[in-house]
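**Student:** My file is model-v4.cif. It has mmCIF, N, CA and C atoms:
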data_my_file
#
loop_
_atom_site.label_atom_id
_atom_site.label_comp_id
_atom_site.auth_asym_id
_atom_site.auth_seq_id
_atom_site.Cartn_x
_atom_site.Cartn_y
_atom_site.Cartn_z
N MET A 1 128.04 50.50 147.59
CA MET A 1 128.77 51.17 146.52
C MET A 1 129.85 52.04 147.15
N ASN A 2 131.04 52.02 146.58
CA ASN A 2 132.18 52.78 147.06
C ASN A 2 132.61 53.71 145.94
N LYS A 3 132.14 54.96 145.96
CA LYS A 3 132.43 55.93 144.89
C LYS A 3 132.72 57.29 145.52
N VAL A 4 133.81 57.91 145.11
CA VAL A 4 134.23 59.20 145.64
C VAL A 4 134.44 60.16 144.48
N ILE A 5 133.97 61.39 144.66
CA ILE A 5 134.21 62.46 143.69
C ILE A 5 134.80 63.63 144.46
N LEU A 6 135.98 64.08 144.05
CA LEU A 6 136.67 65.16 144.74
C LEU A 6 137.11 66.22 143.75
N MET A 7 137.17 67.47 144.22
CA MET A 7 137.76 68.55 143.44
C MET A 7 138.60 69.37 144.41
N GLY A 8 139.86 69.54 144.06
CA GLY A 8 140.74 70.30 144.93
C GLY A 8 142.06 70.61 144.24
N ARG A 9 142.97 71.16 145.03
CA ARG A 9 144.28 71.55 144.50
C ARG A 9 145.36 70.64 145.06
N LEU A 10 146.34 70.34 144.22
CA LEU A 10 147.46 69.51 144.65
C LEU A 10 148.32 70.28 145.64
N THR A 11 148.67 69.64 146.75
CA THR A 11 149.49 70.28 147.77
C THR A 11 150.97 70.24 147.42
N ARG A 12 151.35 69.35 146.53
CA ARG A 12 152.73 69.22 146.06
C ARG A 12 152.72 68.43 144.76
N ASP A 13 153.85 68.40 144.07
CA ASP A 13 153.95 67.59 142.85
C ASP A 13 153.73 66.13 143.21
N PRO A 14 153.12 65.36 142.30
CA PRO A 14 152.93 63.93 142.58
C PRO A 14 154.26 63.22 142.79
N GLU A 15 154.25 62.25 143.68
CA GLU A 15 155.42 61.39 143.91
C GLU A 15 155.17 60.11 143.12
N VAL A 16 156.04 59.81 142.17
CA VAL A 16 155.82 58.67 141.27
C VAL A 16 156.94 57.66 141.43
N ARG A 17 156.53 56.41 141.55
CA ARG A 17 157.46 55.28 141.58
C ARG A 17 156.98 54.27 140.56
N TYR A 18 157.89 53.39 140.17
CA TYR A 18 157.54 52.35 139.21
C TYR A 18 157.74 51.00 139.86
N ALA A 19 156.69 50.18 139.83
CA ALA A 19 156.77 48.82 140.35
C ALA A 19 157.61 47.98 139.40
N GLN A 20 158.45 47.15 139.97
CA GLN A 20 159.31 46.30 139.15
C GLN A 20 158.51 45.10 138.64
N GLY A 21 158.90 44.60 137.51
CA GLY A 21 158.23 43.45 136.93
C GLY A 21 158.45 43.39 135.44
N GLU A 22 157.68 42.54 134.79
CA GLU A 22 157.80 42.37 133.35
C GLU A 22 157.58 43.69 132.62
N SER A 23 156.52 44.39 132.99
CA SER A 23 156.28 45.73 132.45
C SER A 23 156.10 46.68 133.64
N PRO A 24 156.98 47.67 133.79
CA PRO A 24 156.91 48.57 134.95
C PRO A 24 155.56 49.28 135.04
N LEU A 25 155.03 49.37 136.25
CA LEU A 25 153.73 50.00 136.50
C LEU A 25 153.95 51.28 137.28
N ALA A 26 153.48 52.41 136.74
CA ALA A 26 153.61 53.70 137.42
C ALA A 26 152.62 53.75 138.59
N ILE A 27 153.10 54.25 139.73
CA ILE A 27 152.27 54.45 140.90
C ILE A 27 152.49 55.89 141.36
N ALA A 28 151.49 56.74 141.15
CA ALA A 28 151.60 58.16 141.51
C ALA A 28 150.79 58.42 142.77
N ARG A 29 151.41 59.08 143.73
CA ARG A 29 150.73 59.46 144.97
C ARG A 29 150.74 60.98 145.07
N TYR A 30 149.57 61.54 145.41
CA TYR A 30 149.48 62.97 145.62
C TYR A 30 148.39 63.26 146.64
N THR A 31 148.42 64.47 147.16
CA THR A 31 147.44 64.90 148.16
C THR A 31 146.65 66.06 147.61
N LEU A 32 145.32 65.97 147.74
CA LEU A 32 144.43 67.05 147.32
C LEU A 32 143.96 67.83 148.54
N ALA A 33 144.01 69.14 148.45
CA ALA A 33 143.40 70.01 149.46
C ALA A 33 142.00 70.33 148.96
N VAL A 34 141.00 69.80 149.64
CA VAL A 34 139.61 69.95 149.22
C VAL A 34 138.89 70.84 150.23
N ASP A 35 138.38 71.98 149.75
CA ASP A 35 137.67 72.91 150.63
C ASP A 35 136.39 72.27 151.13
N ARG A 36 136.10 72.52 152.39
CA ARG A 36 134.81 72.07 152.94
C ARG A 36 133.75 73.05 152.50
N ARG A 37 132.61 72.53 152.13
CA ARG A 37 131.53 73.37 151.62
C ARG A 37 130.93 74.22 152.73
N PHE A 38 130.74 73.63 153.89
CA PHE A 38 130.16 74.35 155.02
C PHE A 38 131.07 74.21 156.22
N ASN A 39 131.14 75.27 157.01
CA ASN A 39 131.94 75.26 158.23
C ASN A 39 131.01 75.52 159.40
N ARG A 40 130.97 74.61 160.34
CA ARG A 40 130.04 74.71 161.47
C ARG A 40 130.25 75.95 162.32
N ASN A 41 131.50 76.33 162.54
CA ASN A 41 131.80 77.44 163.44
C ASN A 41 131.72 78.80 162.77
N GLY A 42 131.58 78.85 161.47
CA GLY A 42 131.54 80.12 160.76
C GLY A 42 132.92 80.75 160.65
N ASP A 43 133.97 79.99 160.98
CA ASP A 43 135.33 80.51 160.91
C ASP A 43 135.79 80.54 159.46
N ASP A 44 137.06 80.83 159.31
CA ASP A 44 137.66 80.82 157.98
C ASP A 44 137.45 79.46 157.32
N ALA A 45 137.52 79.46 156.00
CA ALA A 45 137.35 78.22 155.26
C ALA A 45 138.42 77.20 155.68
N THR A 46 138.01 75.96 155.75
CA THR A 46 138.94 74.89 156.09
C THR A 46 138.99 73.90 154.94
N ALA A 47 140.00 73.09 154.96
CA ALA A 47 140.16 72.11 153.89
C ALA A 47 140.50 70.76 154.50
N ASP A 48 140.15 69.72 153.77
CA ASP A 48 140.57 68.37 154.10
C ASP A 48 141.69 68.01 153.14
N PHE A 49 142.68 67.29 153.65
CA PHE A 49 143.82 66.88 152.83
C PHE A 49 143.69 65.38 152.60
N ILE A 50 143.40 65.02 151.35
CA ILE A 50 143.04 63.65 151.01
C ILE A 50 144.12 63.03 150.14
N ASN A 51 144.64 61.89 150.61
CA ASN A 51 145.67 61.17 149.87
C ASN A 51 145.04 60.38 148.73
N CYS A 52 145.68 60.47 147.56
CA CYS A 52 145.20 59.77 146.37
C CYS A 52 146.35 58.96 145.77
N VAL A 53 145.99 57.85 145.12
CA VAL A 53 146.99 57.04 144.42
C VAL A 53 146.43 56.65 143.06
N ALA A 54 147.24 56.85 142.01
CA ALA A 54 146.84 56.52 140.64
C ALA A 54 147.84 55.52 140.07
N PHE A 55 147.32 54.50 139.41
CA PHE A 55 148.15 53.42 138.88
C PHE A 55 148.19 53.46 137.35
N GLY A 56 149.27 52.91 136.79
CA GLY A 56 149.37 52.71 135.34
C GLY A 56 149.39 54.00 134.55
N ARG A 57 148.57 54.06 133.52
CA ARG A 57 148.54 55.23 132.65
C ARG A 57 148.07 56.47 133.38
N SER A 58 147.18 56.31 134.35
CA SER A 58 146.75 57.46 135.15
C SER A 58 147.92 58.00 135.97
N GLY A 59 148.76 57.11 136.47
CA GLY A 59 149.94 57.54 137.21
C GLY A 59 150.94 58.27 136.32
N GLU A 60 151.12 57.77 135.11
CA GLU A 60 152.02 58.42 134.15
C GLU A 60 151.49 59.80 133.77
N PHE A 61 150.18 59.91 133.59
CA PHE A 61 149.55 61.19 133.25
C PHE A 61 149.80 62.19 134.38
N ALA A 62 149.60 61.75 135.62
CA ALA A 62 149.82 62.63 136.78
C ALA A 62 151.27 63.09 136.83
N GLU A 63 152.19 62.18 136.54
CA GLU A 63 153.61 62.53 136.57
C GLU A 63 153.94 63.61 135.55
N ARG A 64 153.38 63.49 134.36
CA ARG A 64 153.70 64.43 133.28
C ARG A 64 153.04 65.79 133.43
N TYR A 65 151.78 65.83 133.88
CA TYR A 65 151.00 67.06 133.77
C TYR A 65 150.57 67.70 135.08
N PHE A 66 150.56 66.97 136.18
CA PHE A 66 150.09 67.54 137.43
C PHE A 66 151.24 68.18 138.18
N ARG A 67 151.01 69.38 138.69
CA ARG A 67 151.99 70.12 139.47
C ARG A 67 151.30 70.76 140.67
N LYS A 68 152.07 71.07 141.66
CA LYS A 68 151.57 71.70 142.87
C LYS A 68 150.70 72.91 142.52
N GLY A 69 149.53 73.00 143.16
CA GLY A 69 148.66 74.15 143.00
C GLY A 69 147.58 74.03 141.96
N ILE A 70 147.69 73.08 141.02
CA ILE A 70 146.64 73.01 140.00
C ILE A 70 145.38 72.37 140.58
N LYS A 71 144.26 72.75 140.02
CA LYS A 71 142.97 72.25 140.47
C LYS A 71 142.56 71.08 139.58
N ILE A 72 142.25 69.95 140.21
CA ILE A 72 141.85 68.78 139.45
C ILE A 72 140.59 68.18 140.05
N ALA A 73 139.91 67.38 139.24
CA ALA A 73 138.75 66.61 139.69
C ALA A 73 139.13 65.13 139.61
N VAL A 74 138.78 64.40 140.65
CA VAL A 74 139.14 62.99 140.75
C VAL A 74 137.90 62.18 141.08
N THR A 75 137.74 61.04 140.43
CA THR A 75 136.74 60.06 140.86
C THR A 75 137.49 58.78 141.16
N GLY A 76 136.98 58.04 142.12
CA GLY A 76 137.64 56.81 142.50
C GLY A 76 136.90 56.12 143.63
N ARG A 77 137.65 55.32 144.38
CA ARG A 77 137.06 54.59 145.50
C ARG A 77 137.95 54.73 146.72
N ILE A 78 137.37 54.67 147.89
CA ILE A 78 138.13 54.74 149.13
C ILE A 78 138.67 53.36 149.44
N GLN A 79 139.94 53.34 149.84
CA GLN A 79 140.58 52.09 150.23
C GLN A 79 141.26 52.31 151.58
N THR A 80 141.02 51.40 152.50
CA THR A 80 141.64 51.48 153.82
C THR A 80 142.63 50.35 153.98
N GLY A 81 143.56 50.54 154.86
CA GLY A 81 144.56 49.51 155.13
C GLY A 81 145.25 49.80 156.43
N SER A 82 146.21 48.95 156.77
CA SER A 82 146.99 49.17 157.99
C SER A 82 148.34 48.49 157.85
N TYR A 83 149.29 48.96 158.65
CA TYR A 83 150.61 48.34 158.72
C TYR A 83 151.20 48.64 160.09
N THR A 84 152.22 47.90 160.45
CA THR A 84 152.90 48.12 161.72
C THR A 84 154.21 48.84 161.43
N ASN A 85 154.40 50.02 162.04
CA ASN A 85 155.61 50.79 161.78
C ASN A 85 156.81 50.23 162.55
N LYS A 86 157.95 50.88 162.43
CA LYS A 86 159.20 50.42 163.04
C LYS A 86 159.13 50.36 164.56
N GLU A 87 158.30 51.21 165.14
CA GLU A 87 158.15 51.23 166.59
C GLU A 87 157.14 50.19 167.09
N GLY A 88 156.58 49.41 166.19
CA GLY A 88 155.62 48.39 166.56
C GLY A 88 154.20 48.90 166.74
N VAL A 89 153.92 50.13 166.29
CA VAL A 89 152.59 50.72 166.41
C VAL A 89 151.82 50.47 165.12
N LYS A 90 150.59 50.04 165.25
CA LYS A 90 149.75 49.80 164.09
C LYS A 90 149.22 51.14 163.56
N VAL A 91 149.45 51.39 162.28
CA VAL A 91 149.05 52.63 161.63
C VAL A 91 147.94 52.31 160.62
N TYR A 92 146.85 53.05 160.69
CA TYR A 92 145.73 52.85 159.77
C TYR A 92 145.81 53.89 158.66
N THR A 93 145.51 53.47 157.44
CA THR A 93 145.59 54.36 156.28
C THR A 93 144.24 54.42 155.56
N THR A 94 143.99 55.57 154.96
CA THR A 94 142.83 55.76 154.10
C THR A 94 143.28 56.58 152.90
N GLU A 95 142.97 56.11 151.70
CA GLU A 95 143.33 56.84 150.50
C GLU A 95 142.29 56.60 149.41
N VAL A 96 142.29 57.46 148.42
CA VAL A 96 141.40 57.31 147.27
C VAL A 96 142.19 56.68 146.14
N VAL A 97 141.72 55.54 145.64
CA VAL A 97 142.32 54.90 144.47
C VAL A 97 141.64 55.54 143.25
N VAL A 98 142.44 56.24 142.46
CA VAL A 98 141.92 57.04 141.35
C VAL A 98 141.47 56.15 140.21
N GLU A 99 140.25 56.39 139.75
CA GLU A 99 139.73 55.72 138.55
C GLU A 99 139.73 56.68 137.37
N ASP A 100 139.52 57.98 137.65
CA ASP A 100 139.51 59.00 136.60
C ASP A 100 140.00 60.30 137.22
N GLN A 101 140.77 61.07 136.45
CA GLN A 101 141.29 62.35 136.92
C GLN A 101 141.34 63.30 135.74
N GLU A 102 141.07 64.58 136.00
CA GLU A 102 141.09 65.56 134.92
C GLU A 102 141.33 66.95 135.48
N PHE A 103 141.76 67.86 134.61
CA PHE A 103 141.96 69.24 134.99
C PHE A 103 140.60 69.87 135.29
N ALA A 104 140.54 70.72 136.32
CA ALA A 104 139.27 71.34 136.71
C ALA A 104 139.22 72.82 136.36
N GLU A 105 140.30 73.37 135.82
CA GLU A 105 140.30 74.77 135.38
C GLU A 105 141.41 74.97 134.37
N SER A 106 141.27 76.02 133.59
CA SER A 106 142.33 76.35 132.64
C SER A 106 143.47 77.02 133.36
N LYS A 107 144.59 77.10 132.73
CA LYS A 107 145.77 77.71 133.34
C LYS A 107 145.50 79.17 133.71
N ASN A 108 144.85 79.93 132.84
CA ASN A 108 144.60 81.35 133.09
C ASN A 108 143.64 81.58 134.24
N SER A 109 142.67 80.70 134.45
CA SER A 109 141.69 80.93 135.51
C SER A 109 142.26 80.67 136.88
N SER A 110 143.40 79.99 136.97
CA SER A 110 144.00 79.72 138.28
C SER A 110 144.72 80.93 138.83
N GLY A 111 145.01 81.93 137.98
CA GLY A 111 145.65 83.14 138.44
C GLY A 111 147.15 83.02 138.63
N SER A 112 147.71 81.88 138.27
CA SER A 112 149.17 81.69 138.35
C SER A 112 149.57 80.79 137.22
N ASP A 113 150.78 80.26 137.30
CA ASP A 113 151.19 79.37 136.22
C ASP A 113 150.55 78.00 136.34
N GLY A 114 149.73 77.80 137.39
CA GLY A 114 149.04 76.53 137.55
C GLY A 114 149.97 75.41 137.93
N GLY A 115 151.26 75.70 137.98
CA GLY A 115 152.21 74.71 138.41
C GLY A 115 152.60 73.72 137.33
N TYR A 116 152.03 73.81 136.12
CA TYR A 116 152.37 72.80 135.14
C TYR A 116 153.02 73.36 133.89
N ALA A 117 153.37 74.62 133.87
CA ALA A 117 154.05 75.17 132.71
C ALA A 117 155.29 75.93 133.17
N GLY A 118 156.41 75.62 132.55
CA GLY A 118 157.64 76.32 132.87
C GLY A 118 158.16 76.02 134.26
N ASN A 119 157.86 74.87 134.80
CA ASN A 119 158.33 74.50 136.12
C ASN A 119 159.79 74.08 136.03
N ASN A 120 160.67 74.88 136.62
CA ASN A 120 162.11 74.58 136.54
C ASN A 120 162.51 73.44 137.44
N ASN A 121 161.67 73.01 138.34
CA ASN A 121 162.01 71.93 139.26
C ASN A 121 161.59 70.56 138.73
N TYR A 122 161.13 70.49 137.50
CA TYR A 122 160.67 69.22 136.95
C TYR A 122 161.83 68.26 136.85
N SER A 123 161.66 67.06 137.42
CA SER A 123 162.74 66.08 137.35
C SER A 123 162.26 64.71 136.91
N GLY A 124 161.00 64.56 136.62
CA GLY A 124 160.47 63.24 136.27
C GLY A 124 160.42 63.02 134.78
N GLY A 125 160.53 61.77 134.38
CA GLY A 125 160.34 61.37 133.00
C GLY A 125 161.37 61.98 132.06
N SER A 126 161.21 61.70 130.79
CA SER A 126 162.16 62.21 129.81
C SER A 126 161.63 63.45 129.12
N ARG A 127 160.36 63.77 129.32
CA ARG A 127 159.75 64.92 128.66
C ARG A 127 159.36 65.96 129.68
N PRO A 128 159.69 67.23 129.47
CA PRO A 128 159.22 68.27 130.39
C PRO A 128 157.74 68.53 130.19
N ALA A 129 157.13 69.18 131.15
CA ALA A 129 155.72 69.52 131.04
C ALA A 129 155.53 70.49 129.88
N PRO A 130 154.46 70.34 129.08
CA PRO A 130 154.24 71.21 127.94
C PRO A 130 153.94 72.64 128.37
N MET A 131 154.38 73.58 127.56
CA MET A 131 154.12 74.99 127.83
C MET A 131 152.71 75.33 127.35
N ALA A 132 152.12 76.34 127.97
CA ALA A 132 150.78 76.76 127.59
C ALA A 132 150.83 77.66 126.37
N ALA A 133 149.82 77.56 125.54
CA ALA A 133 149.69 78.44 124.39
C ALA A 133 149.14 79.78 124.87
N GLY A 134 149.15 80.78 124.01
CA GLY A 134 148.67 82.11 124.37
C GLY A 134 147.19 82.15 124.71
N ASP A 135 146.43 81.13 124.32
CA ASP A 135 145.00 81.12 124.60
C ASP A 135 144.66 80.49 125.94
N GLY A 136 145.67 80.10 126.73
CA GLY A 136 145.43 79.52 128.05
C GLY A 136 145.30 78.02 128.07
N PHE A 137 145.32 77.37 126.90
CA PHE A 137 145.24 75.93 126.86
C PHE A 137 146.64 75.34 126.69
N MET A 138 146.82 74.17 127.20
CA MET A 138 148.11 73.52 127.13
C MET A 138 148.32 72.94 125.73
N ASN A 139 149.54 73.10 125.21
CA ASN A 139 149.89 72.46 123.93
C ASN A 139 150.11 70.98 124.18
N ILE A 140 149.53 70.14 123.35
CA ILE A 140 149.73 68.70 123.45
C ILE A 140 150.85 68.33 122.48
N PRO A 141 151.93 67.73 122.99
CA PRO A 141 153.06 67.38 122.12
C PRO A 141 152.65 66.39 121.03
N ASP A 142 153.34 66.46 119.88
CA ASP A 142 153.09 65.52 118.79
C ASP A 142 153.43 64.11 119.24
N GLY A 143 152.68 63.13 118.76
CA GLY A 143 152.95 61.73 119.04
C GLY A 143 152.45 61.24 120.39
N ILE A 144 151.69 62.05 121.09
CA ILE A 144 151.21 61.65 122.42
C ILE A 144 149.79 61.07 122.35
N ASP A 145 149.17 61.11 121.18
CA ASP A 145 147.79 60.68 121.02
C ASP A 145 147.53 59.30 121.62
N GLU A 146 148.44 58.37 121.39
CA GLU A 146 148.22 57.01 121.88
C GLU A 146 148.40 56.91 123.41
N GLU A 147 149.00 57.93 124.03
CA GLU A 147 149.23 57.90 125.47
C GLU A 147 148.12 58.57 126.28
N LEU A 148 147.27 59.36 125.64
CA LEU A 148 146.25 60.09 126.37
C LEU A 148 145.17 59.13 126.88
N PRO A 149 144.75 59.29 128.13
CA PRO A 149 143.80 58.34 128.72
C PRO A 149 142.39 58.47 128.18
N PHE A 150 142.07 59.54 127.44
CA PHE A 150 140.69 59.74 127.00
C PHE A 150 140.50 59.46 125.53
N ASN A 151 141.41 58.76 124.88
CA ASN A 151 141.23 58.38 123.47
C ASN A 151 140.34 57.18 123.35
#
Please lay out the structure from this file as structure tokens.
**Tutor:**
Amino acid sequence: MNKVILMGRLTRDPEVRYAQGESPLAIARYTLAVDRRFNRNGDDATADFINCVAFGRSGEFAERYFRKGIKIAVTGRIQTGSYTNKEGVKVYTTEVVVEDQEFAESKNSSGSDGGYAGNNNYSGGSRPAPMAAGDGFMNIPDGIDEELPFN
């Protein structure tokens, strides 16, 4: 069985590309900083930086709502691969192929803007990220019901 469950913070905004074809497929790549539960040396907390890739509607969701610093939970599977770079050196890759992703905390509990509200650097898609309501929950724009992955 190949099953991974992670909870961490995004190190940067997701990088999203669209595969060409009959119907474009969103491919979102992001890195999660996941704290290690135990540290052998008793030093400061350390983190692992885990590359993730989300396809299709999950990729579109990541593009619209995920921003640097927010805490998310991801389930998926580990996928390994390799390629030969320009210098002729074989490079091995490991990433998590996302099957499910969700927010792991509310905007207010993160202690900052969570990176997904009022981000002036937003450049993806035609819709900006939704602003948070006064109660700490994100407003869901009208007409998005059919696009949400959990319907």
**Student:** Find the residues near segment 71-84 of chain A: any atom within 6.5 Å, counting all atoms listed in the file, skip ones fewer than 6 places away on the same chain, and give them as a PyMOL selection string.
**Tutor:** chain A and resi 2-10+90-105
**Student:** Which residues are close to Asp35 of chain A, i.e. within 8 Å by only C-alpha atoms, leaving aside same-chain residues fewer than 6 positions away? Reply as a PyMOL selection string.
**Tutor:** chain A and resi 8+45-48
**Student:** Within 6.5 Å of segment 28-32 of chain A, counting all atoms listed in the file, which residues show up once you throw out same-chain ones fewer than 3 positions away? Write them as a list in words, please.
**Tutor:**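 Everything that qualifies: Gly8, Arg9, Leu10, Thr11, Arg12, Asp13, Pro14, Glu15, Val16, Arg17, Asp48, Phe49, Ile50, Asn51, Cys52, Val53, Ala54, Phe55, Gly56, Ser58, Gly59, Glu60 and Glu63 of chain A.
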**Student:** Name the residues of segment 20-70 of chain A that come out as alpha helix (DSSP H) in a backbone DSSP run; write them as a PyMOL selection string.
**Tutor:** chain A and resi 57-65
**Student:** Rounded to one decimal, what separation in Å do you get between atom N of Pro24 of chain A and atom N of Arg67 of chain A?
**Tutor:**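 Value for the atom N of Pro24 of chain A-atom N of Arg67 of chain A distance: 23.0 Å.
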**Student:** Measure the distance from atom CA of Gly69 of chain A to atom N of Arg36 of chain A in Å and round it to one decimal.
**Tutor:**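 Going from atom CA of Gly69 of chain A over to atom N of Arg36 of chain A, I get 15.8 Å.
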**Student:** Quick one: pull the distance between atom C of Phe38 of chain A and atom C of Ile70 of chain A, Å, one decimal.
**Tutor:**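 Atom-to-atom, atom C of Phe38 of chain A to atom C of Ile70 of chain A, that is 21.3 Å.
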**Student:** Apply DSSP to the backbone of this structure and, from segment 49-115 of chain A, keep only the residues in strand (DSSP E or B); write these as a PyMOL selection string.
**Tutor:** chain A and resi 49-55+71-84+90-103
**Student:** Keeping C-alpha atoms (and nothing else), can you write segment 23-58 of chain A of this structure as a CSV table (one decimal), in the first residue's frame?
**Tutor:**
chain,number,residue,atom,x,y,z
A,23,SER,CA,-9.3,19.8,-22.5
A,24,PRO,CA,-6.4,21.6,-20.6
A,25,LEU,CA,-5.4,19.8,-17.4
A,26,ALA,CA,-4.1,21.9,-14.4
A,27,ILE,CA,-0.9,20.7,-12.8
A,28,ALA,CA,-0.1,22.5,-9.5
A,29,ARG,CA,3.2,21.9,-7.8
A,30,TYR,CA,4.0,23.1,-4.3
A,31,THR,CA,6.3,22.3,-1.4
A,32,LEU,CA,5.1,21.6,2.1
A,33,ALA,CA,7.3,22.3,5.2
A,34,VAL,CA,6.4,19.5,7.5
A,35,ASP,CA,7.7,19.7,11.1
A,36,ARG,CA,9.3,16.5,12.4
A,37,ARG,CA,7.6,15.2,15.5
A,38,PHE,CA,10.7,14.1,17.3
A,39,ASN,CA,14.3,15.4,17.0
A,40,ARG,CA,17.0,13.0,17.9
A,41,ASN,CA,19.5,15.6,19.0
A,42,GLY,CA,17.1,17.7,21.0
A,43,ASP,CA,18.0,20.7,18.9
A,44,ASP,CA,15.6,23.2,17.5
A,45,ALA,CA,12.6,21.9,15.6
A,46,THR,CA,13.4,20.8,12.1
A,47,ALA,CA,11.2,20.4,9.1
A,48,ASP,CA,11.2,18.2,5.9
A,49,PHE,CA,10.4,20.0,2.7
A,50,ILE,CA,8.1,17.7,0.6
A,51,ASN,CA,7.3,18.3,-3.0
A,52,CYS,CA,3.6,17.8,-4.0
A,53,VAL,CA,1.8,17.7,-7.3
A,54,ALA,CA,-2.0,18.0,-7.8
A,55,PHE,CA,-3.7,17.4,-11.1
A,56,GLY,CA,-7.1,18.5,-12.6
A,57,ARG,CA,-9.6,20.1,-10.2
A,58,SER,CA,-7.3,19.7,-7.3
